[in-house]
Each structure stands twice: as structure tokens, then as C-alpha cells.
Amino acid sequence: MISAVQVRSGIAQAMQQWRDAGWAQRVALLALLVLPAMVVATPVNLLPFGCLLLLSSVLGIGTLWRRPLPWPLLAPLLLLTVLQVGLGVLSLWQADVPLRELDNLVRFLVVPWTACWVYALRLPQRLLWSGAVVGLLASLLVAMLQVLGGAVRAEAWTNAIVLADVAVVLLVLVICCRPPARLLTVLLAVLATALLVMLTGSRGVWPAMAMVLLLAVLSGDRGSWRRRFAVLAVAATLLAGALVASPDLREQVRLDELAQDWQRLQRGDVDSSAGARYERLHVAWQAFKAQPWQGVGLGQFDTAMQRLPVCRQASEDLHRCHLEHAHNDLAEWAATRGIPGIIGLLAVYGIPLLLFARLWWQAGRPQQGPALAGIGVVVVYVVCGLTQSMFAHQITAGLYACLVGVLAGLGQLARQDRLQEQAANGSLSAASWPGR
């Protein structure tokens, strides 16, 4: 339980840090707060963060120059950026597609930038946690207002699937970046995220949600694992009971529709949500086999869909023929860019995952912290990418690039704090040793 004393202490600490900071760090502190707070809860998405990032970088350019990010961390981030942009340019050249298709991949330029920015200005992870809490609650409020207003599925200012995916990513930040004695906030965040995902009607995000709940059980003090597991088990039981008892809730979550889609798919009817995904996997495989080293071109998946007879009929304008992407990361990257696309996808997830795993190990394998949050973010994107093209949307692509850089910088700061703590403890031990 959070006491009033703890709340006042946290507010006092934040105010003191604000007073002690220079203008560059003040703007940076605000930027770190609005990154998760406004990403889907407002129509401006990541624009405020981008503006504040640029302004604080200009104001603190001297600090960024004097405190460079260590090369062992900067090098893999630069490699990730060069690979994504370079392979994207290669696809543009091979398939002769418009330059605007490179838009989402260019966002990877902020990965090394944000890492250097966080590290040089010594930004605290507490604000990332606070922003994630605010972002979840604000997004839930918007979703409830939309559904109560008659919307079939909550979408906020994006679409239902992206809203659900981002909500689970924010939950990772709430769990892993929380200050001490914030378990009640984590439980409330879990319930808020589950309700928000229900309101979106997104089904593909539930496996990622389950993995994040497992992370919530395993993170924190080892002595309270059983208690956290019992609380989450009770919450899951209540949720399952509500789904069984309420037809309206099942309709909102679209469980009955999933069963109907499966029956239609068994009859060969793919004109449904699940059927369209199955059809697009088949189209992606055919496109990859036809052009394994090039694909149909970056952002041109609908070109592959036109090979289907039903999509070539001029008299029909079927929605499933114009979804613009494959609703699966591997299918999308392989069909549009061939083998170079598969290499790019392995890099986009593999490089950050290895980087965060190394930071987590070097920090002493903590049960929470920025490195573990980075691992959680990557895993959520991988799982959500089974039913969604995560980098075909500006919000999810931009958020991933920003969080990889921010969490890498925070992870390096946490690692250095641990090394300094070990050095201080070693000095104290040496000073107290008899005969010294």
C-alpha cells in the first residue's frame, strides 16, 4: 500500500530535482514524461516528445558532447540504425518505390540519439514510469468514452489494434520501471490495461498480455512471488468468470466472432478477420518465393494481394484486399523485401534483445529496471508481431525506436550506479579490515 508519506516524499524529490536541473535537463525531464503519457492518449502522439527532444538536445549540446555514450553501447545502436535505413534504401532502389515508404524506418535514427540524450543528461527512470501510468489511465478514459458513445471498438486517435499493443507496452514500463513500494499501482495498471484491451476488441494482443503478467509475477522481491501470483490468479479467474457470464462482454472481446471465423475458415471462406490473416500469410509466402531477394517492394504488400483473382476483379472493392500490410511481421518483411527484409527483422529485434540482456546481466540481474523493461518491450513487439505488422504504423514504429534508445541509456546509467556502489562498498570493507 502506498502511504501519504511516500507520496509526499516522491513529490518532494521530483520538485527538488526540477529545481536543481538546468534548462536543458528540465525540458528533457518533461520530454521523458510525455513520451509514454501522450503516445496514444492524445491526437498529437509522439510529436510533443520529438519537439522537446530536439529543444533539450540543442540546449544541452555541450553536455551531450562532454558525456558521450560508451562505445560498447553506442556501436550496436548505430549498427541497428544503419542496417534498418540501409536495407530500406536498398528496397527502394530495387523495387523503384516512392521515397515516402522509408518514413517509418527513418525513425530508427532516434535510437542512438535518445540513448546519448538520456545518458548525458542523467535522466531518471521514475518519470518514464509516471508517464506510463498517466498514459494508461488517460487512454482508458478515452476508450471508455468512445465505447459509451456508441463506438464498436475503442480506437483513441489511432486504430484498435495499435491502441491495444501500445497499452501492453506501457504496462511493461509500469511494471519494470516502478519505484519501490508501488505494487498497488502495478495491480491497478494491470486491471486498467486488461479493461482497455477488452474495449479495443483486439484478440491478438492477449498472448503478449499473458507474458507481461508473468513478468509482473517474477519481477520485484523474490519473497513475494507467491503473493503476486495469487493476486493475479484471482484477477484472471474473475475476468474469465465475467466473460462466461456476460454475453455483451464476450461480444466486446470478440470471442464468439473468433469461433465463427474458425468455422468459416474450415469451410474455405476467408472473408473474415481470422480468414484474412490466413490468406495474407499465403500471399506473403507466394510473393517471397517469386522474388526471394527483392520482394514486391517496401510498403507495397497490396501489390502482392492483387495477384489473388478476387482482388483483381474491378467490380469488387474488398476491404481485405487493401489493408496495406500483412498483419504479421515476418510475412510483411519477407514479402516486401525478401531475404534482406528477414535480415532486417532479425536485427530489429535481435540487436536490442542482446543489448538489453547484456545490460541486465552487467547490472546484477535485477528483478526490475530499464534493462528488464527493454527485454519486455522487445518480447511484446515480437509476440504482437505475430498478428500485426508492428512497423507498418507510425506510432508503434516510432515508439519502439524511442524506447529502445531511452531504455538503453537508462540501462547504462543503472549499470554505472551499480559499479559505483560496489566500488564504495569495497572501499568501506578495505578501510574496516583489521591492520589497515
# chains A, B, ... in the order shown; residues from 1 in each chain; ligands from 1

call {"tool": "residues_around", "arguments": {"residues": "Ala230 (chain A)", "least_positions_apart": "6", "cutoff": "12 Å", "atoms": "only C-alpha atoms", "output": "ChimeraX atom specification"}}
result
/A:187,213-214,216-217,224,236-237

call {"tool": "residues_around", "arguments": {"residues": "Gln286 (chain A)", "least_positions_apart": "3", "cutoff": "12 Å", "atoms": "only C-alpha atoms", "output": "count of residues only"}}
result
21

call {"tool": "closest_residue", "arguments": {"among": "A:Val147, A:Val106, A:Ala115, A:Ala210", "to": "Pro70 (chain A)", "atoms": "only C-alpha atoms"}}
result
A:Ala115

call {"tool": "closest_residue", "arguments": {"among": "A:Thr387, A:Gln300, A:Thr114, A:Ser273", "to": "Leu403 (chain A)", "atoms": "only C-alpha atoms"}}
result
A:Thr114

call {"tool": "residues_around", "arguments": {"residues": "region 20-36 of chain A", "least_positions_apart": "4", "cutoff": "9 Å", "atoms": "only C-alpha atoms", "output": "short mmCIF file (atom, residue, chain, number, x, y, z; two decimals) with C-alpha atoms, in the first residue's frame"}}
result
data_model
loop_
_atom_site.label_atom_id
_atom_site.label_comp_id
_atom_site.auth_asym_id
_atom_site.auth_seq_id
_atom_site.Cartn_x
_atom_site.Cartn_y
_atom_site.Cartn_z
CA MET A 15 10.42 19.06 -7.17
CA GLN A 16 13.95 19.17 -5.78
CA VAL A 40 -1.92 7.15 -27.80
CA ALA A 41 -3.88 9.19 -25.24
CA ASN A 45 1.01 11.14 -30.36
CA LEU A 46 4.84 11.42 -30.37
CA PRO A 48 5.46 16.72 -28.33
CA PHE A 49 8.22 14.32 -27.36
CA GLY A 50 10.02 14.92 -30.65
CA CYS A 51 9.87 18.70 -30.21
CA LEU A 52 11.05 18.55 -26.60
CA LEU A 53 13.80 16.08 -27.52
CA LEU A 55 14.88 21.52 -27.91
CA SER A 56 16.60 19.87 -24.93
CA SER A 57 19.32 18.48 -27.21
CA VAL A 58 20.03 21.94 -28.59
CA LEU A 59 20.06 23.49 -25.11
CA GLY A 60 22.27 20.73 -23.75
CA ILE A 61 24.55 20.22 -26.75
CA TRP A 117 20.48 12.12 -24.69
CA VAL A 118 19.33 10.10 -21.67
CA LEU A 121 21.56 14.44 -19.15
CA ARG A 122 21.31 11.70 -16.47
CA LEU A 123 17.52 11.36 -16.74
CA PRO A 124 15.65 9.33 -14.09
CA GLN A 125 13.55 6.29 -14.94
CA ARG A 126 10.90 7.43 -12.43
CA LEU A 127 9.49 9.88 -14.98
CA LEU A 128 9.17 7.14 -17.59
CA TRP A 129 7.15 5.15 -15.04
CA SER A 130 4.98 8.16 -14.17
CA GLY A 131 4.31 8.90 -17.83
CA ALA A 132 3.33 5.29 -18.48
CA VAL A 133 0.83 5.36 -15.60
CA VAL A 134 -0.67 8.62 -16.88
CA GLY A 135 -0.74 7.30 -20.45
CA LEU A 136 -2.55 4.09 -19.45
CA LEU A 170 3.10 0.87 -21.37
CA LEU A 173 7.15 0.22 -18.29
CA LEU A 399 7.56 4.23 -30.01
CA CYS A 402 12.31 5.85 -28.89
CA LEU A 403 12.02 3.24 -26.14
CA VAL A 406 15.75 5.64 -23.90
#

call {"tool": "atom_distance", "arguments": {"atom1": "CA of Val44 (chain A)", "atom2": "CA of Val82 (chain A)"}}
result
27.8 Å
